[in-house]
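Only one structure is covered here, and it is reproduced in the block below.
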Amino acid sequence: MTVIFERQYRAAHEPESSFVNHQIIAFANGKINKSELIKYVEHKKRRLALEMDSSWLNYFFVDILVNEFSEAKFILTIRDCYSWLESLITQRLFMRQFENFYIKHGWKDTDDLCFRTHKKHAEEEKILAD
């Protein structure tokens with residue numbers, strides 16, 4: 001999405017993703033409250049002055065974004081499940097080569113928050129669970 005818009009708008013793909021990941025995890029674990037997350041969104045808005053913020057991480061605080069940017073347009077992209085899963089698996093396999101980066105920048109914790117919340121899997125789903 002950033003590539004589509006960056007010629008005409010101030011756009012970025014997953015800006016400050018490392019910090020955003022850590023904020024998401026801190027909020028999920030009760031280490032920061034919603035008002036602190038709102039302060040971060042407001043501060044980021046002033047500092048970066050983006051017209052287009054393309055990031056799947058925005059999902060975690062979309063309610064805040066809707067309130068903060070009442071005039072904004074939101075684009076929800078939808079992919080077929082097969083290409084999405086293939087992309088996800090490929091990305092995760094690639095990230096294993098850079099595991100220290102992946103962990104340090106909070107991507108592992110965010111992935112765990114999204115995908116490992118349900119620890120029980122049927123035996124035939126073990127490969128997917130792993």
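Residues are named by chain letter and number: chains run A, B, ... in the order of the structure tokens, numbers start at 1 in each chain, and ligands are numbered from 1 in the order shown.
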key: In chain A, DSSP strand (DSSP E) residues written as a PyMOL selection string   = chain A and resi 11-13+52-54
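Here atom CA of A:Ser70 stands at a distance of 15.7 Å from atom CA of A:Arg46.
Here atom CA of A:Glu6 is placed at a distance of 23.8 Å from atom CA of A:Ile64.
Separating atom CA of A:Ile25 from atom CA of A:Leu37 is a distance of 11.0 Å.
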Selection near A:His105, 7 Å with only C-alpha atoms, sequence-local residues under 3 positions removed, as a list in words = Ser18, Phe101 and Tyr102 of chain A
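Every protein, DNA or RNA residue with an atom at most 12 Å from A:Ile103, where only C-alpha atoms count and chain neighbours fewer than 6 positions away do not, is listed here: A:Ser18, A:Asn21, A:His22, A:Met95, A:Arg96, A:Gln97, A:Asp109, A:Thr110, A:Asp111, A:Asp112.
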Contacts of A:Glu14 at 12 Å (only C-alpha atoms; same-chain gap of 4+ positions) as JSON, numbers by chain = {"A": [1, 2, 18, 19, 20, 21, 50, 52, 53, 54, 55, 56, 57, 58, 59, 107]}
Write a file of the just-selected residues containing N, CA, C and O atoms, as a CSV table (one decimal), in the first residue's frame.
chain,number,residue,atom,x,y,z
A,1,MET,N,0.8,-1.2,0.0
A,1,MET,CA,0.0,0.0,0.0
A,1,MET,C,0.9,1.3,0.0
A,1,MET,O,0.5,2.2,-0.7
A,2,THR,N,2.0,1.2,0.7
A,2,THR,CA,2.8,2.4,0.8
A,2,THR,C,3.4,2.7,-0.6
A,2,THR,O,3.4,3.9,-1.0
A,18,SER,N,9.4,-1.7,15.6
A,18,SER,CA,10.0,-2.3,16.8
A,18,SER,C,9.3,-1.7,18.1
A,18,SER,O,8.9,-2.5,19.0
A,19,PHE,N,9.2,-0.4,18.1
A,19,PHE,CA,8.6,0.2,19.3
A,19,PHE,C,7.1,-0.1,19.4
A,19,PHE,O,6.5,-0.3,20.5
A,20,VAL,N,6.4,-0.1,18.2
A,20,VAL,CA,5.0,-0.4,18.2
A,20,VAL,C,4.8,-1.9,18.7
A,20,VAL,O,3.9,-2.1,19.5
A,21,ASN,N,5.6,-2.8,18.3
A,21,ASN,CA,5.5,-4.2,18.8
A,21,ASN,C,5.6,-4.2,20.3
A,21,ASN,O,4.8,-4.8,21.0
A,50,LEU,N,2.5,11.6,9.1
A,50,LEU,CA,2.2,10.7,8.0
A,50,LEU,C,0.8,10.9,7.5
A,50,LEU,O,-0.1,11.2,8.3
A,52,MET,N,-0.2,8.5,5.3
A,52,MET,CA,-0.5,7.1,5.1
A,52,MET,C,0.4,6.2,5.9
A,52,MET,O,1.6,6.3,5.8
A,53,ASP,N,-0.2,5.4,6.8
A,53,ASP,CA,0.5,4.5,7.7
A,53,ASP,C,0.0,3.1,7.4
A,53,ASP,O,-1.0,2.7,7.8
A,54,SER,N,0.8,2.4,6.6
A,54,SER,CA,0.5,1.1,6.2
A,54,SER,C,1.1,0.0,7.1
A,54,SER,O,2.3,-0.2,7.0
A,55,SER,N,0.3,-0.5,8.0
A,55,SER,CA,0.9,-1.5,8.9
A,55,SER,C,-0.2,-2.4,9.4
A,55,SER,O,-1.2,-1.9,9.9
A,56,TRP,N,0.0,-3.7,9.4
A,56,TRP,CA,-0.9,-4.6,10.0
A,56,TRP,C,-1.0,-4.5,11.5
A,56,TRP,O,-2.0,-4.8,12.2
A,57,LEU,N,0.1,-3.9,12.1
A,57,LEU,CA,0.1,-3.7,13.5
A,57,LEU,C,-1.0,-2.7,14.0
A,57,LEU,O,-1.4,-2.7,15.2
A,58,ASN,N,-1.5,-1.9,13.1
A,58,ASN,CA,-2.5,-0.9,13.4
A,58,ASN,C,-3.8,-1.6,13.9
A,58,ASN,O,-4.6,-1.0,14.6
A,59,TYR,N,-3.9,-2.9,13.5
A,59,TYR,CA,-5.1,-3.7,14.0
A,59,TYR,C,-5.2,-3.6,15.5
A,59,TYR,O,-6.3,-3.6,16.0
A,107,TRP,N,8.9,-8.9,17.2
A,107,TRP,CA,8.0,-9.6,16.2
A,107,TRP,C,7.6,-10.9,16.8
A,107,TRP,O,6.5,-11.4,16.6
